[in-house]
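Have a look at the structure below, then the notes.
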Amino acid sequence: MIWETPRLYLRELTEADLPQLLEMMNGQRNFYERRFSQAELQNWLTRQQQRYRQNFGIWGVCRKTDDALIGQAGLTFQRFGRRMLWEIGYGITPSQRKNGYAKESAAAWVQFAFSVRKEPVVYAVIASDNYPSLSVAKAIGMAQEAETLDRMGKSYLLFSIHRSKSI
């Protein structure tokens with residue numbers, strides 16, 4: 001476990017999680033916006049496990065009451081235009097959405113970035129039509145900073161929160 005909230009704990013993902021991750025990551029509206037093969041998912045998990053040693057990556061979001069893996073969230077180093085940014089990402093299994101888990105896990109990662117990693121600012125890059133994620137970003141105190149189009153013309157919004165204004 002790397003971090004916890006009143007209802008959740010965040011833990012490393014393992015090979016035992018692969019079947020559930022495959023379902024989660026290939027389900028509707030995952031934050032990667034593409035489907036993964038079994039081999040691609042194994043490579044993705046290996047990269048996350050390497051990142052854990054440096055206190056970043058995507059971790060499992062588990063409910064404390066029953067230890068169920070209900071999503072994934074974390075802190076990654078991502079490109080936005082010409083900038084490299086510390087970005088939070090979060091995704092909750094569809095059956096567990098609308099319970100505040102995305103907000104709770106996203107807020108936990110912001111707190112982790114500020115208190116453990118000592119980052120001065122944390123970002124979220126969100127598709128402009130992903131209204132649930134936009135709501136989460138706003139609910140945890142993030143403000144829109146910029147907009148960009150990807151090479152296919154899809155609009156993405158950049159949100160940020162600064163340590164001095166953190167939740």
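A note on labels: chains of the structure tokens are A, B, ... as shown, every chain counts residues from 1, and ligands are counted from 1 in their shown order.
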Practice task
Quick one: everything within 9 Å of Leu85 (chain A), counting only C-alpha atoms, minus sequence neighbours fewer than 4 positions away in the same chain. Send it as a PyMOL selection string.
Solution key: chain A and resi 76-80+121-124
Problem - Test item: residues at most 9 Å from Leu22 (chain A), only C-alpha atoms, excluding those fewer than 6 positions along its chain, as a VMD selection string - result: chain A and resid 35 to 38 41
Problem - Straight-line distance linking CA of Arg34 (chain A) with CA of Thr148 (chain A), stated in Å to one decimal - result: 19.3 Å
Practice task
Pick out each residue of region 44-129 of chain A that DSSP on the backbone tags as strand (DSSP E); I need them as a VMD selection string.
Solution key: chain A and resid 57 to 63 69 to 80 83 to 92 121 to 127
Exercise for the section: Just the helix (DSSP H, G or I) stuff from region 17-63 of chain A, please, per backbone DSSP, written as an MDAnalysis selection string. Expected result: chainID A and resid 17:25 38:52
Problem - For region 150-157 of chain A: contacts at 6 Å, only C-alpha atoms, fewer than 4 positions along chain excluded, given as JSON, numbers by chain - result: {"A": [125, 126, 127, 128, 146]}
Could you write out that same residue set with N, CA and C atoms as a PDB file, in the first residue's frame?
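The result, written out as part-v4.pdb:
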ATOM      1  N   VAL A 125      -4.626  15.808 -17.743  1.00  0.00           N
ATOM      2  CA  VAL A 125      -4.950  16.029 -19.149  1.00  0.00           C
ATOM      3  C   VAL A 125      -6.209  15.208 -19.418  1.00  0.00           C
ATOM      4  N   ILE A 126      -7.280  15.892 -19.809  1.00  0.00           N
ATOM      5  CA  ILE A 126      -8.591  15.252 -19.913  1.00  0.00           C
ATOM      6  C   ILE A 126      -9.231  15.583 -21.256  1.00  0.00           C
ATOM      7  N   ALA A 127      -9.772  14.562 -21.910  1.00  0.00           N
ATOM      8  CA  ALA A 127     -10.520  14.796 -23.148  1.00  0.00           C
ATOM      9  C   ALA A 127     -11.668  15.752 -22.835  1.00  0.00           C
ATOM     10  N   SER A 128     -11.864  16.732 -23.712  1.00  0.00           N
ATOM     11  CA  SER A 128     -12.849  17.784 -23.434  1.00  0.00           C
ATOM     12  C   SER A 128     -14.280  17.253 -23.360  1.00  0.00           C
ATOM     13  N   ALA A 146      -5.105  25.148 -20.094  1.00  0.00           N
ATOM     14  CA  ALA A 146      -4.851  25.194 -21.533  1.00  0.00           C
ATOM     15  C   ALA A 146      -5.716  24.162 -22.247  1.00  0.00           C
TER      16      ALA A 146
END
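Minimum atom-to-atom distances from A:Leu149, A:Thr14, A:Asp66, A:Met25 to Gln50 (chain A) were compared using only C-alpha atoms, and the lowest value belongs to A:Thr14.
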Completion exercise
Among A:Pro120, A:Trp86, A:Leu21, A:Lys138, Ala107 (chain A) is approached most closely, using only C-alpha atoms, by A:Lys138
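Taking CA of Gln144 (chain A) as the reference point, CA of Leu158 (chain A) is found at 5.8 Å.
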Practice task
Find the residues near Leu8 (chain A): any atom within 9 Å, counting only C-alpha atoms, skip ones fewer than 5 places away on the same chain, and give them as a list in words.
Solution key: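 Final neighbour list, sorted by chain and number: Trp3, Val61, Cys62, Arg63, Lys64, Thr65, Asp67, Tyr101, Glu104 and Ser105 of chain A.
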Produce a file of the selected residues containing N, CA and C atoms, as a CSV table (one decimal), in the first residue's frame.
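For reference, selection-v9.csv as written:
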chain,number,residue,atom,x,y,z
A,3,TRP,N,-0.7,4.6,-0.2
A,3,TRP,CA,-1.5,5.7,0.3
A,3,TRP,C,-2.9,5.2,0.6
A,61,VAL,N,-6.7,0.8,-7.1
A,61,VAL,CA,-7.6,1.5,-6.2
A,61,VAL,C,-8.4,0.4,-5.6
A,62,CYS,N,-8.3,0.2,-4.3
A,62,CYS,CA,-9.0,-0.9,-3.6
A,62,CYS,C,-9.9,-0.3,-2.5
A,63,ARG,N,-11.1,-0.9,-2.4
A,63,ARG,CA,-12.1,-0.5,-1.4
A,63,ARG,C,-11.7,-1.2,-0.1
A,64,LYS,N,-11.6,-0.5,1.0
A,64,LYS,CA,-11.2,-1.0,2.3
A,64,LYS,C,-12.2,-2.1,2.9
A,65,THR,N,-13.5,-1.9,2.6
A,65,THR,CA,-14.4,-2.8,3.2
A,65,THR,C,-14.3,-4.2,2.8
A,67,ASP,N,-11.6,-5.2,0.2
A,67,ASP,CA,-10.3,-5.3,-0.6
A,67,ASP,C,-10.5,-5.5,-2.1
A,101,TYR,N,-15.5,7.6,-5.7
A,101,TYR,CA,-14.2,6.9,-5.6
A,101,TYR,C,-13.1,7.6,-6.5
A,104,GLU,N,-12.0,10.7,-4.7
A,104,GLU,CA,-11.2,10.4,-3.5
A,104,GLU,C,-9.8,9.9,-3.9
A,105,SER,N,-9.7,9.1,-5.0
A,105,SER,CA,-8.4,8.6,-5.4
A,105,SER,C,-7.6,9.7,-6.1
